[in-house]
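> Following this line is coords-v2.json, made up of JSON, C-alpha atoms and all ligand atoms:
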```
[["chain", "number", "residue", "atom", "x", "y", "z"],
["T", 1, "MET", "CA", 39.16, -2.97, -18.30],
["T", 2, "ARG", "CA", 42.51, -4.60, -18.97],
["T", 3, "ILE", "CA", 45.00, -2.86, -16.76],
["T", 4, "ILE", "CA", 48.76, -3.16, -16.28],
["T", 5, "LEU", "CA", 50.30, -1.94, -13.01],
["T", 6, "LEU", "CA", 53.90, -0.80, -13.40],
["T", 7, "GLY", "CA", 56.30, 0.16, -10.63],
["T", 8, "ALA", "CA", 59.27, -0.88, -8.55],
["T", 9, "PRO", "CA", 58.97, -3.64, -5.96],
["T", 10, "GLY", "CA", 57.16, -2.07, -3.01],
["T", 11, "ALA", "CA", 55.61, 0.75, -5.07],
["T", 12, "GLY", "CA", 52.15, -0.38, -3.96],
["T", 13, "LYS", "CA", 51.03, -2.43, -6.99],
["T", 14, "GLY", "CA", 49.58, -5.24, -4.88],
["T", 15, "THR", "CA", 47.86, -2.84, -2.47],
["T", 16, "GLN", "CA", 46.33, -0.67, -5.18],
["T", 17, "GLY", "CA", 45.65, -3.63, -7.45],
["T", 18, "LYS", "CA", 43.55, -5.35, -4.81],
["T", 19, "LEU", "CA", 41.54, -2.18, -4.09],
["T", 20, "LEU", "CA", 41.00, -1.54, -7.80],
["T", 21, "ALA", "CA", 40.05, -5.18, -8.48],
["T", 22, "ASP", "CA", 37.38, -5.00, -5.78],
["T", 23, "HIS", "CA", 36.13, -1.71, -7.21],
["T", 24, "LEU", "CA", 35.99, -2.93, -10.81],
["T", 25, "HIS", "CA", 34.96, -6.54, -10.06],
["T", 26, "VAL", "CA", 37.77, -7.99, -12.15],
["T", 27, "PRO", "CA", 40.53, -10.35, -11.01],
["T", 28, "LYS", "CA", 43.95, -9.07, -9.96],
["T", 29, "ILE", "CA", 46.54, -11.36, -11.46],
["T", 30, "SER", "CA", 49.81, -11.30, -9.58],
["T", 31, "THR", "CA", 52.50, -13.40, -11.24],
["T", 32, "GLY", "CA", 54.46, -13.23, -7.97],
["T", 33, "ASP", "CA", 51.48, -14.82, -6.14],
["T", 34, "ILE", "CA", 51.19, -17.53, -8.82],
["T", 35, "LEU", "CA", 54.89, -18.34, -8.49],
["T", 36, "ARG", "CA", 54.83, -18.30, -4.67],
["T", 37, "ALA", "CA", 51.85, -20.68, -4.69],
["T", 38, "ALA", "CA", 53.85, -23.05, -6.92],
["T", 39, "VAL", "CA", 56.85, -22.84, -4.58],
["T", 40, "HIS", "CA", 54.54, -23.54, -1.65],
["T", 41, "THR", "CA", 53.07, -26.69, -3.22],
["T", 42, "GLY", "CA", 56.52, -27.80, -4.36],
["T", 43, "ASN", "CA", 55.39, -28.76, -7.87],
["T", 44, "GLU", "CA", 57.74, -28.79, -10.88],
["T", 45, "LEU", "CA", 57.26, -25.07, -11.57],
["T", 46, "GLY", "CA", 57.89, -24.28, -7.91],
["T", 47, "GLN", "CA", 61.12, -26.24, -7.89],
["T", 48, "GLN", "CA", 62.29, -24.43, -11.02],
["T", 49, "VAL", "CA", 61.67, -20.93, -9.67],
["T", 50, "LYS", "CA", 62.33, -21.12, -5.91],
["T", 51, "ALA", "CA", 66.05, -20.30, -5.99],
["T", 52, "ILE", "CA", 65.62, -17.53, -8.58],
["T", 53, "MET", "CA", 62.96, -15.81, -6.48],
["T", 54, "GLU", "CA", 64.95, -16.12, -3.27],
["T", 55, "ARG", "CA", 67.89, -14.40, -4.99],
["T", 56, "GLY", "CA", 65.65, -11.61, -6.30],
["T", 57, "GLY", "CA", 66.22, -12.46, -9.96],
["T", 58, "LEU", "CA", 63.66, -12.72, -12.75],
["T", 59, "VAL", "CA", 62.10, -16.01, -13.77],
["T", 60, "PRO", "CA", 62.96, -16.66, -17.46],
["T", 61, "ASP", "CA", 60.62, -15.11, -20.03],
["T", 62, "PRO", "CA", 59.47, -18.37, -21.73],
["T", 63, "LEU", "CA", 58.20, -19.72, -18.42],
["T", 64, "MET", "CA", 56.46, -16.47, -17.49],
["T", 65, "ILE", "CA", 54.88, -16.20, -20.93],
["T", 66, "GLN", "CA", 53.46, -19.71, -20.65],
["T", 67, "ILE", "CA", 52.06, -18.92, -17.17],
["T", 68, "ILE", "CA", 50.37, -15.69, -18.23],
["T", 69, "LYS", "CA", 48.91, -17.14, -21.42],
["T", 70, "GLU", "CA", 47.29, -19.94, -19.44],
["T", 71, "ARG", "CA", 46.00, -17.54, -16.79],
["T", 72, "LEU", "CA", 44.47, -15.06, -19.24],
["T", 73, "GLN", "CA", 42.51, -17.86, -20.91],
["T", 74, "LYS", "CA", 40.53, -18.53, -17.75],
["T", 75, "GLU", "CA", 36.86, -17.62, -17.68],
["T", 76, "ASP", "CA", 37.21, -14.93, -15.00],
["T", 77, "CYS", "CA", 39.34, -12.78, -17.32],
["T", 78, "ARG", "CA", 36.57, -12.38, -19.90],
["T", 79, "HIS", "CA", 35.44, -9.01, -18.56],
["T", 80, "GLY", "CA", 38.87, -7.68, -17.76],
["T", 81, "PHE", "CA", 41.77, -8.04, -15.34],
["T", 82, "ILE", "CA", 44.52, -6.20, -13.54],
["T", 83, "LEU", "CA", 48.08, -7.38, -14.10],
["T", 84, "ASP", "CA", 50.36, -6.95, -11.09],
["T", 85, "GLY", "CA", 53.97, -7.90, -11.80],
["T", 86, "PHE", "CA", 53.59, -8.72, -15.48],
["T", 87, "PRO", "CA", 55.10, -7.67, -17.85],
["T", 88, "ARG", "CA", 58.53, -7.21, -16.30],
["T", 89, "THR", "CA", 60.61, -7.25, -19.48],
["T", 90, "VAL", "CA", 60.14, -5.87, -22.97],
["T", 91, "ALA", "CA", 59.92, -9.47, -24.28],
["T", 92, "GLN", "CA", 56.98, -10.11, -21.94],
["T", 93, "ALA", "CA", 55.25, -6.90, -23.08],
["T", 94, "GLU", "CA", 55.77, -7.88, -26.71],
["T", 95, "VAL", "CA", 53.89, -11.12, -26.10],
["T", 96, "LEU", "CA", 50.80, -9.24, -24.92],
["T", 97, "ARG", "CA", 50.97, -7.25, -28.14],
["T", 98, "GLN", "CA", 51.44, -10.33, -30.34],
["T", 99, "GLU", "CA", 48.55, -12.07, -28.63],
["T", 100, "ASP", "CA", 46.33, -9.01, -29.22],
["T", 101, "VAL", "CA", 45.62, -8.51, -25.54],
["T", 102, "ALA", "CA", 43.82, -5.15, -25.75],
["T", 103, "ILE", "CA", 45.21, -3.26, -22.77],
["T", 104, "THR", "CA", 43.09, -0.25, -21.75],
["T", 105, "HIS", "CA", 45.27, 1.38, -19.05],
["T", 106, "VAL", "CA", 48.88, 1.31, -17.95],
["T", 107, "ILE", "CA", 49.16, 2.68, -14.40],
["T", 108, "GLU", "CA", 52.64, 3.57, -13.21],
["T", 109, "ILE", "CA", 53.21, 4.06, -9.47],
["T", 110, "VAL", "CA", 56.39, 6.07, -8.84],
["T", 111, "VAL", "CA", 58.47, 5.70, -5.64],
["T", 112, "ASP", "CA", 62.15, 6.15, -4.80],
["T", 113, "ASP", "CA", 64.53, 3.46, -3.53],
["T", 114, "ALA", "CA", 64.62, 4.69, 0.09],
["T", 115, "GLU", "CA", 60.84, 4.40, 0.32],
["T", 116, "VAL", "CA", 60.95, 0.90, -1.19],
["T", 117, "LEU", "CA", 63.37, -0.27, 1.48],
["T", 118, "LYS", "CA", 61.18, 1.09, 4.28],
["T", 119, "ARG", "CA", 58.06, -0.46, 2.80],
["T", 120, "LEU", "CA", 59.32, -3.93, 1.98],
["T", 121, "SER", "CA", 61.10, -4.44, 5.26],
["T", 122, "GLY", "CA", 57.76, -3.91, 7.07],
["T", 123, "ARG", "CA", 55.52, -5.79, 4.63],
["T", 124, "TRP", "CA", 53.23, -8.58, 5.83],
["T", 125, "THR", "CA", 50.89, -10.45, 3.47],
["T", 126, "HIS", "CA", 47.91, -12.77, 3.62],
["T", 127, "PRO", "CA", 48.81, -15.51, 1.15],
["T", 128, "GLY", "CA", 45.22, -16.69, 0.61],
["T", 129, "SER", "CA", 43.81, -13.36, -0.60],
["T", 130, "GLY", "CA", 46.79, -11.25, -1.63],
["T", 131, "ARG", "CA", 45.92, -8.60, 0.98],
["T", 132, "VAL", "CA", 48.99, -6.62, 1.92],
["T", 133, "TYR", "CA", 49.80, -4.85, 5.21],
["T", 134, "HIS", "CA", 52.66, -2.81, 6.63],
["T", 135, "GLN", "CA", 53.60, -2.98, 10.28],
["T", 136, "LEU", "CA", 53.66, 0.84, 10.56],
["T", 137, "TYR", "CA", 51.92, 2.34, 7.50],
["T", 138, "ASN", "CA", 49.01, -0.04, 7.11],
["T", 139, "PRO", "CA", 48.84, -2.36, 10.13],
["T", 140, "PRO", "CA", 46.27, -5.14, 10.48],
["T", 141, "ARG", "CA", 43.72, -4.68, 13.28],
["T", 142, "VAL", "CA", 45.35, -7.52, 15.23],
["T", 143, "ALA", "CA", 49.13, -7.82, 14.81],
["T", 144, "GLY", "CA", 50.08, -10.80, 12.62],
["T", 145, "LEU", "CA", 46.50, -11.65, 11.54],
["T", 146, "ASP", "CA", 44.48, -10.92, 8.40],
["T", 147, "ASP", "CA", 41.59, -8.46, 9.01],
["T", 148, "VAL", "CA", 39.04, -10.46, 7.03],
["T", 149, "THR", "CA", 39.81, -14.12, 7.74],
["T", 150, "GLY", "CA", 41.83, -13.88, 10.97],
["T", 151, "GLU", "CA", 44.43, -16.16, 9.36],
["T", 152, "PRO", "CA", 48.15, -15.63, 10.03],
["T", 153, "LEU", "CA", 50.13, -13.15, 7.94],
["T", 154, "VAL", "CA", 53.56, -14.00, 6.56],
["T", 155, "GLN", "CA", 56.74, -12.11, 5.66],
["T", 156, "ARG", "CA", 58.31, -12.94, 2.31],
["T", 157, "PRO", "CA", 61.81, -14.47, 2.27],
["T", 158, "ASP", "CA", 62.84, -12.01, -0.49],
["T", 159, "ASP", "CA", 61.88, -8.96, 1.62],
["T", 160, "GLN", "CA", 65.32, -8.72, 3.26],
["T", 161, "GLU", "CA", 67.54, -5.72, 2.66],
["T", 162, "GLU", "CA", 70.16, -7.41, 0.48],
["T", 163, "THR", "CA", 67.54, -9.07, -1.73],
["T", 164, "ILE", "CA", 65.45, -5.88, -1.91],
["T", 165, "ARG", "CA", 68.53, -4.03, -3.24],
["T", 166, "LYS", "CA", 69.05, -6.76, -5.84],
["T", 167, "ARG", "CA", 65.39, -6.59, -6.90],
["T", 168, "LEU", "CA", 65.62, -2.82, -7.25],
["T", 169, "GLN", "CA", 68.67, -3.20, -9.48],
["T", 170, "VAL", "CA", 66.84, -5.78, -11.61],
["T", 171, "TYR", "CA", 63.84, -3.44, -11.79],
["T", 172, "ARG", "CA", 65.91, -0.48, -13.00],
["T", 173, "GLN", "CA", 67.71, -2.59, -15.62],
["T", 174, "GLN", "CA", 64.98, -4.85, -16.96],
["T", 175, "THR", "CA", 61.56, -3.47, -16.05],
["T", 176, "GLU", "CA", 61.90, 0.32, -15.99],
["T", 177, "PRO", "CA", 62.45, 0.40, -19.80],
["T", 178, "LEU", "CA", 58.75, -0.52, -19.96],
["T", 179, "VAL", "CA", 57.88, 3.01, -18.80],
["T", 180, "ALA", "CA", 59.20, 4.47, -22.08],
["T", 181, "TYR", "CA", 57.84, 1.46, -24.00],
["T", 182, "TYR", "CA", 54.28, 1.99, -22.75],
["T", 183, "LYS", "CA", 54.42, 5.79, -22.97],
["T", 184, "LYS", "CA", 55.23, 5.41, -26.66],
["T", 185, "PHE", "CA", 52.67, 2.63, -27.06],
["T", 186, "THR", "CA", 49.88, 4.73, -25.53],
["T", 187, "GLN", "CA", 50.80, 7.74, -27.67],
["T", 188, "GLU", "CA", 50.39, 5.57, -30.75],
["T", 189, "ASN", "CA", 47.16, 3.90, -29.56],
["T", 190, "SER", "CA", 44.43, 6.29, -28.50],
["T", 191, "ALA", "CA", 42.43, 3.43, -26.91],
["T", 192, "VAL", "CA", 45.15, 2.90, -24.30],
["T", 193, "HIS", "CA", 45.66, 5.36, -21.44],
["T", 194, "TYR", "CA", 48.89, 5.97, -19.52],
["T", 195, "VAL", "CA", 48.45, 7.07, -15.92],
["T", 196, "SER", "CA", 51.40, 8.02, -13.73],
["T", 197, "VAL", "CA", 50.79, 8.53, -10.00],
["T", 198, "ASP", "CA", 53.12, 9.63, -7.24],
["T", 199, "GLY", "CA", 53.32, 6.58, -4.94],
["T", 200, "CYS", "CA", 54.49, 8.59, -1.93],
["T", 201, "GLN", "CA", 51.02, 9.59, -0.75],
["T", 202, "SER", "CA", 48.52, 7.85, 1.46],
["T", 203, "ILE", "CA", 47.06, 4.59, 0.17],
["T", 204, "GLU", "CA", 43.62, 6.26, 0.04],
["T", 205, "SER", "CA", 44.68, 9.28, -1.99],
["T", 206, "ILE", "CA", 46.54, 7.12, -4.51],
["T", 207, "GLN", "CA", 43.47, 4.92, -4.79],
["T", 208, "GLN", "CA", 41.22, 7.93, -5.39],
["T", 209, "LYS", "CA", 43.50, 9.24, -8.13],
["T", 210, "ILE", "CA", 43.61, 5.87, -9.87],
["T", 211, "VAL", "CA", 39.84, 5.34, -9.63],
["T", 212, "ALA", "CA", 39.23, 8.85, -11.01],
["T", 213, "LYS", "CA", 41.36, 8.00, -14.05],
["T", 214, "VAL", "CA", 39.83, 4.62, -14.85],
["T", 215, "ASP", "CA", 36.14, 5.26, -14.06],
["I", 1, "LIG", "P1", 54.25, -4.03, -4.60],
["I", 1, "LIG", "O1", 53.10, -4.96, -4.94],
["I", 1, "LIG", "O2", 54.41, -2.95, -5.62],
["I", 1, "LIG", "O3", 55.52, -4.76, -4.30],
["I", 1, "LIG", "P2", 52.83, -3.62, -2.06],
["I", 1, "LIG", "O4", 51.44, -3.22, -2.45],
["I", 1, "LIG", "O5", 53.03, -5.03, -1.62],
["I", 1, "LIG", "O6", 53.85, -3.26, -3.27],
["I", 1, "LIG", "O7", 53.32, -2.61, -0.93],
["I", 1, "LIG", "C1", 54.60, -2.76, -0.30],
["I", 1, "LIG", "C2", 54.49, -2.38, 1.20],
["I", 1, "LIG", "O8", 54.23, -0.98, 1.31],
["I", 1, "LIG", "C3", 53.33, -3.08, 1.93],
["I", 1, "LIG", "O9", 53.76, -3.35, 3.24],
["I", 1, "LIG", "C4", 52.21, -2.05, 1.91],
["I", 1, "LIG", "O10", 51.34, -2.18, 3.03],
["I", 1, "LIG", "C5", 52.98, -0.74, 1.98],
["I", 1, "LIG", "N1", 52.33, 0.35, 1.22],
["I", 1, "LIG", "C6", 51.66, 0.27, 0.04],
["I", 1, "LIG", "N2", 51.24, 1.49, -0.37],
["I", 1, "LIG", "C7", 51.66, 2.37, 0.57],
["I", 1, "LIG", "C8", 51.54, 3.80, 0.74],
["I", 1, "LIG", "N3", 50.91, 4.57, -0.17],
["I", 1, "LIG", "N4", 52.10, 4.35, 1.83],
["I", 1, "LIG", "C9", 52.76, 3.59, 2.74],
["I", 1, "LIG", "N5", 52.91, 2.25, 2.65],
["I", 1, "LIG", "C10", 52.36, 1.65, 1.59],
["I", 2, "LIG", "P1", 56.92, -7.33, -5.81],
["I", 2, "LIG", "O1", 55.46, -7.34, -5.38],
["I", 2, "LIG", "O2", 57.81, -7.05, -4.68],
["I", 2, "LIG", "O3", 57.17, -6.46, -6.98],
["I", 2, "LIG", "P2", 56.35, -9.89, -6.98],
["I", 2, "LIG", "O4", 55.50, -10.60, -6.00],
["I", 2, "LIG", "O5", 55.66, -9.26, -8.14],
["I", 2, "LIG", "O6", 57.25, -8.83, -6.23],
["I", 2, "LIG", "O7", 57.45, -10.89, -7.56],
["I", 2, "LIG", "C1", 58.26, -11.66, -6.72],
["I", 2, "LIG", "C2", 59.29, -12.40, -7.55],
["I", 2, "LIG", "O8", 58.64, -13.28, -8.47],
["I", 2, "LIG", "C3", 60.17, -11.52, -8.41],
["I", 2, "LIG", "O9", 61.29, -11.00, -7.70],
["I", 2, "LIG", "C4", 60.60, -12.51, -9.51],
["I", 2, "LIG", "O10", 61.60, -13.40, -9.03],
["I", 2, "LIG", "C5", 59.33, -13.32, -9.72],
["I", 2, "LIG", "N1", 58.45, -12.76, -10.76],
["I", 2, "LIG", "C6", 57.17, -12.28, -10.60],
["I", 2, "LIG", "N2", 56.66, -11.87, -11.75],
["I", 2, "LIG", "C7", 57.61, -12.06, -12.69],
["I", 2, "LIG", "C8", 57.68, -11.80, -14.09],
["I", 2, "LIG", "N3", 56.66, -11.24, -14.77],
["I", 2, "LIG", "N4", 58.85, -12.11, -14.73],
["I", 2, "LIG", "C9", 59.88, -12.67, -14.07],
["I", 2, "LIG", "N5", 59.87, -12.94, -12.77],
["I", 2, "LIG", "C10", 58.75, -12.64, -12.06]]
```
Could you quickly redo this structure as structure tokens?
Ligand code: ADP
Ligand code: ADP


Amino acid sequence: MRIILLGAPGAGKGTQGKLLADHLHVPKISTGDILRAAVHTGNELGQQVKAIMERGGLVPDPLMIQIIKERLQKEDCRHGFILDGFPRTVAQAEVLRQEDVAITHVIEIVVDDAEVLKRLSGRWTHPGSGRVYHQLYNPPRVAGLDDVTGEPLVQRPDDQEETIRKRLQVYRQQTEPLVAYYKKFTQENSAVHYVSVDGCQSIESIQQKIVAKVD
């Protein structure tokens, strides 16, 4: 199983990716999480990307391509993986093709902008595991704490209205063309399946629909 999750910021890629990764026993690779960890440690990569992420822009393709190539070479990817947040540009998608990464499913989660704003402004995450909560739609058992570890949850600096709007604009311009790209790609390659799900349903019913398609 080598799965790409496509969808606007806030569509539910992280939420569904984590559930699917646990179901399939493959790693969920979130390029956003990798970049945030680098910003947190303050290493060279982190210093390069911090300002771009805070503005809601995209990190340049050459850097992202280097990051994903290194990550996919790790042992835990041998039996599959779920990509959350990569590719985000046609150039990034082309690299997967050139490197012969045999994708099996592209799962698109569709939501509108108003829903994205509501979701991201209430999002809380557990940095250690990638678990995602929402203060109204998917609250943790104890406010501000992760259900599994009891560790504190954090809000992302780019989840503010102005930056969310910028990220949506970037998504429509640079990432949404991948919908047509992968629809065409899956029509030409019978081994690859395109799945489109309506993201405005409960987390559980979206999960069931995705699992039914990939099992
Ligand atoms: P993405 O990874 O696509 O940016 P997330 O999985 O982080 O999206 O979800 C964004 C926010 O929306 C989180 O706060 C999450 O708890 C919430 N959320 C995710 N899926 C749903 C859903 N189906 N209904 C309501 N809220 C959701
Ligand atoms: P979301 O879950 O809201 O879609 P992510 O956590 O995937 O956001 O990404 C957060 C930020 O990290 C993006 O706004 C962008 O600055 C950067 N980023 C993550 N993945 C990529 C990528 N594949 N290409 C370029 N920038 C990326």

> Using 9 Å as the limit and counting only C-alpha atoms and all ligand atoms, can you tabulate each residue of chain T that touches ligand LIG 1 (chain I), with its shortest atom-to-atom distance in Å and the two atoms involved, as JSON lines?


```
{"residue": "T:Leu5", "atom": "CA", "partner": "I:LIG1", "partner_atom": "O2", "distance": 8.5}
{"residue": "T:Leu6", "atom": "CA", "partner": "I:LIG1", "partner_atom": "O2", "distance": 8.1}
{"residue": "T:Gly7", "atom": "CA", "partner": "I:LIG1", "partner_atom": "O2", "distance": 6.2}
{"residue": "T:Ala8", "atom": "CA", "partner": "I:LIG1", "partner_atom": "O2", "distance": 6.0}
{"residue": "T:Pro9", "atom": "CA", "partner": "I:LIG1", "partner_atom": "O3", "distance": 4.0}
{"residue": "T:Gly10", "atom": "CA", "partner": "I:LIG1", "partner_atom": "O3", "distance": 3.4}
{"residue": "T:Ala11", "atom": "CA", "partner": "I:LIG1", "partner_atom": "O2", "distance": 3.9}
{"residue": "T:Gly12", "atom": "CA", "partner": "I:LIG1", "partner_atom": "O4", "distance": 3.3}
{"residue": "T:Lys13", "atom": "CA", "partner": "I:LIG1", "partner_atom": "O2", "distance": 3.7}
{"residue": "T:Gly14", "atom": "CA", "partner": "I:LIG1", "partner_atom": "O1", "distance": 3.5}
{"residue": "T:Thr15", "atom": "CA", "partner": "I:LIG1", "partner_atom": "O4", "distance": 3.6}
{"residue": "T:Gln16", "atom": "CA", "partner": "I:LIG1", "partner_atom": "O4", "distance": 6.3}
{"residue": "T:Gly17", "atom": "CA", "partner": "I:LIG1", "partner_atom": "O4", "distance": 7.7}
{"residue": "T:Lys18", "atom": "CA", "partner": "I:LIG1", "partner_atom": "O4", "distance": 8.5}
{"residue": "T:Ser30", "atom": "CA", "partner": "I:LIG1", "partner_atom": "O1", "distance": 8.5}
{"residue": "T:Gly32", "atom": "CA", "partner": "I:LIG1", "partner_atom": "O1", "distance": 8.9}
{"residue": "T:Asp84", "atom": "CA", "partner": "I:LIG1", "partner_atom": "O1", "distance": 7.0}
{"residue": "T:Gly85", "atom": "CA", "partner": "I:LIG1", "partner_atom": "O1", "distance": 7.5}
{"residue": "T:Ile109", "atom": "CA", "partner": "I:LIG1", "partner_atom": "O2", "distance": 8.1}
{"residue": "T:Glu115", "atom": "CA", "partner": "I:LIG1", "partner_atom": "C9", "distance": 8.5}
{"residue": "T:Val116", "atom": "CA", "partner": "I:LIG1", "partner_atom": "C1", "distance": 7.4}
{"residue": "T:Lys118", "atom": "CA", "partner": "I:LIG1", "partner_atom": "O8", "distance": 7.8}
{"residue": "T:Arg119", "atom": "CA", "partner": "I:LIG1", "partner_atom": "O8", "distance": 4.1}
{"residue": "T:Leu120", "atom": "CA", "partner": "I:LIG1", "partner_atom": "C2", "distance": 5.1}
{"residue": "T:Ser121", "atom": "CA", "partner": "I:LIG1", "partner_atom": "O9", "distance": 7.7}
{"residue": "T:Gly122", "atom": "CA", "partner": "I:LIG1", "partner_atom": "O9", "distance": 5.6}
{"residue": "T:Arg123", "atom": "CA", "partner": "I:LIG1", "partner_atom": "O9", "distance": 3.3}
{"residue": "T:Trp124", "atom": "CA", "partner": "I:LIG1", "partner_atom": "O9", "distance": 5.9}
{"residue": "T:Thr125", "atom": "CA", "partner": "I:LIG1", "partner_atom": "O9", "distance": 7.7}
{"residue": "T:Gly130", "atom": "CA", "partner": "I:LIG1", "partner_atom": "O5", "distance": 8.8}
{"residue": "T:Arg131", "atom": "CA", "partner": "I:LIG1", "partner_atom": "O5", "distance": 8.4}
{"residue": "T:Val132", "atom": "CA", "partner": "I:LIG1", "partner_atom": "O10", "distance": 5.1}
{"residue": "T:Tyr133", "atom": "CA", "partner": "I:LIG1", "partner_atom": "O10", "distance": 3.8}
{"residue": "T:His134", "atom": "CA", "partner": "I:LIG1", "partner_atom": "O9", "distance": 3.6}
{"residue": "T:Gln135", "atom": "CA", "partner": "I:LIG1", "partner_atom": "O9", "distance": 7.1}
{"residue": "T:Leu136", "atom": "CA", "partner": "I:LIG1", "partner_atom": "N5", "distance": 8.1}
{"residue": "T:Tyr137", "atom": "CA", "partner": "I:LIG1", "partner_atom": "N5", "distance": 5.0}
{"residue": "T:Asn138", "atom": "CA", "partner": "I:LIG1", "partner_atom": "O10", "distance": 5.2}
{"residue": "T:Pro139", "atom": "CA", "partner": "I:LIG1", "partner_atom": "O10", "distance": 7.5}
{"residue": "T:Asp198", "atom": "CA", "partner": "I:LIG1", "partner_atom": "N3", "distance": 9.0}
{"residue": "T:Gly199", "atom": "CA", "partner": "I:LIG1", "partner_atom": "N3", "distance": 5.7}
{"residue": "T:Cys200", "atom": "CA", "partner": "I:LIG1", "partner_atom": "N3", "distance": 5.7}
{"residue": "T:Gln201", "atom": "CA", "partner": "I:LIG1", "partner_atom": "N3", "distance": 5.1}
{"residue": "T:Ser202", "atom": "CA", "partner": "I:LIG1", "partner_atom": "N3", "distance": 4.4}
{"residue": "T:Ile203", "atom": "CA", "partner": "I:LIG1", "partner_atom": "N3", "distance": 3.9}
{"residue": "T:Glu204", "atom": "CA", "partner": "I:LIG1", "partner_atom": "N3", "distance": 7.5}
{"residue": "T:Ser205", "atom": "CA", "partner": "I:LIG1", "partner_atom": "N3", "distance": 8.0}
{"residue": "T:Ile206", "atom": "CA", "partner": "I:LIG1", "partner_atom": "N3", "distance": 6.7}
{"residue": "T:Gln207", "atom": "CA", "partner": "I:LIG1", "partner_atom": "N3", "distance": 8.8}
```

> Since we have the selection now, will you write its residues out, keeping C-alpha atoms, as a PDB file, keeping the file's coordinate frame?


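As a result, result02.pdb now contains:
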```pdb
ATOM      1  CA  LEU T   5      50.300  -1.940 -13.010  1.00  0.00           C
ATOM      2  CA  LEU T   6      53.900  -0.800 -13.400  1.00  0.00           C
ATOM      3  CA  GLY T   7      56.300   0.160 -10.630  1.00  0.00           C
ATOM      4  CA  ALA T   8      59.270  -0.880  -8.550  1.00  0.00           C
ATOM      5  CA  PRO T   9      58.970  -3.640  -5.960  1.00  0.00           C
ATOM      6  CA  GLY T  10      57.160  -2.070  -3.010  1.00  0.00           C
ATOM      7  CA  ALA T  11      55.610   0.750  -5.070  1.00  0.00           C
ATOM      8  CA  GLY T  12      52.150  -0.380  -3.960  1.00  0.00           C
ATOM      9  CA  LYS T  13      51.030  -2.430  -6.990  1.00  0.00           C
ATOM     10  CA  GLY T  14      49.580  -5.240  -4.880  1.00  0.00           C
ATOM     11  CA  THR T  15      47.860  -2.840  -2.470  1.00  0.00           C
ATOM     12  CA  GLN T  16      46.330  -0.670  -5.180  1.00  0.00           C
ATOM     13  CA  GLY T  17      45.650  -3.630  -7.450  1.00  0.00           C
ATOM     14  CA  LYS T  18      43.550  -5.350  -4.810  1.00  0.00           C
ATOM     15  CA  SER T  30      49.810 -11.300  -9.580  1.00  0.00           C
ATOM     16  CA  GLY T  32      54.460 -13.230  -7.970  1.00  0.00           C
ATOM     17  CA  ASP T  84      50.360  -6.950 -11.090  1.00  0.00           C
ATOM     18  CA  GLY T  85      53.970  -7.900 -11.800  1.00  0.00           C
ATOM     19  CA  ILE T 109      53.210   4.060  -9.470  1.00  0.00           C
ATOM     20  CA  GLU T 115      60.840   4.400   0.320  1.00  0.00           C
ATOM     21  CA  VAL T 116      60.950   0.900  -1.190  1.00  0.00           C
ATOM     22  CA  LYS T 118      61.180   1.090   4.280  1.00  0.00           C
ATOM     23  CA  ARG T 119      58.060  -0.460   2.800  1.00  0.00           C
ATOM     24  CA  LEU T 120      59.320  -3.930   1.980  1.00  0.00           C
ATOM     25  CA  SER T 121      61.100  -4.440   5.260  1.00  0.00           C
ATOM     26  CA  GLY T 122      57.760  -3.910   7.070  1.00  0.00           C
ATOM     27  CA  ARG T 123      55.520  -5.790   4.630  1.00  0.00           C
ATOM     28  CA  TRP T 124      53.230  -8.580   5.830  1.00  0.00           C
ATOM     29  CA  THR T 125      50.890 -10.450   3.470  1.00  0.00           C
ATOM     30  CA  GLY T 130      46.790 -11.250  -1.630  1.00  0.00           C
ATOM     31  CA  ARG T 131      45.920  -8.600   0.980  1.00  0.00           C
ATOM     32  CA  VAL T 132      48.990  -6.620   1.920  1.00  0.00           C
ATOM     33  CA  TYR T 133      49.800  -4.850   5.210  1.00  0.00           C
ATOM     34  CA  HIS T 134      52.660  -2.810   6.630  1.00  0.00           C
ATOM     35  CA  GLN T 135      53.600  -2.980  10.280  1.00  0.00           C
ATOM     36  CA  LEU T 136      53.660   0.840  10.560  1.00  0.00           C
ATOM     37  CA  TYR T 137      51.920   2.340   7.500  1.00  0.00           C
ATOM     38  CA  ASN T 138      49.010  -0.040   7.110  1.00  0.00           C
ATOM     39  CA  PRO T 139      48.840  -2.360  10.130  1.00  0.00           C
ATOM     40  CA  ASP T 198      53.120   9.630  -7.240  1.00  0.00           C
ATOM     41  CA  GLY T 199      53.320   6.580  -4.940  1.00  0.00           C
ATOM     42  CA  CYS T 200      54.490   8.590  -1.930  1.00  0.00           C
ATOM     43  CA  GLN T 201      51.020   9.590  -0.750  1.00  0.00           C
ATOM     44  CA  SER T 202      48.520   7.850   1.460  1.00  0.00           C
ATOM     45  CA  ILE T 203      47.060   4.590   0.170  1.00  0.00           C
ATOM     46  CA  GLU T 204      43.620   6.260   0.040  1.00  0.00           C
ATOM     47  CA  SER T 205      44.680   9.280  -1.990  1.00  0.00           C
ATOM     48  CA  ILE T 206      46.540   7.120  -4.510  1.00  0.00           C
ATOM     49  CA  GLN T 207      43.470   4.920  -4.790  1.00  0.00           C
TER      50      GLN T 207
END
```

> I'd like the interatomic distance between atom CA of Arg165 of chain T and atom CA of Ile68 of chain T, to a tenth of an Å.

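Between these atoms lies a distance of 26.3 Å.
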
> Within 12 Å of (37.8, -11.4, -20.9), in the coordinates the file gives, what residues turn up when you count only C-alpha atoms, written out as a list of chain:residue names?

T:Met1, T:Arg2, T:Ile3, T:Val26, T:Pro27, T:Arg71, T:Leu72, T:Gln73, T:Lys74, T:Glu75, T:Asp76, T:Cys77, T:Arg78, T:His79, T:Gly80, T:Phe81, T:Ile82, T:Val101, T:Ala102, T:Ile103
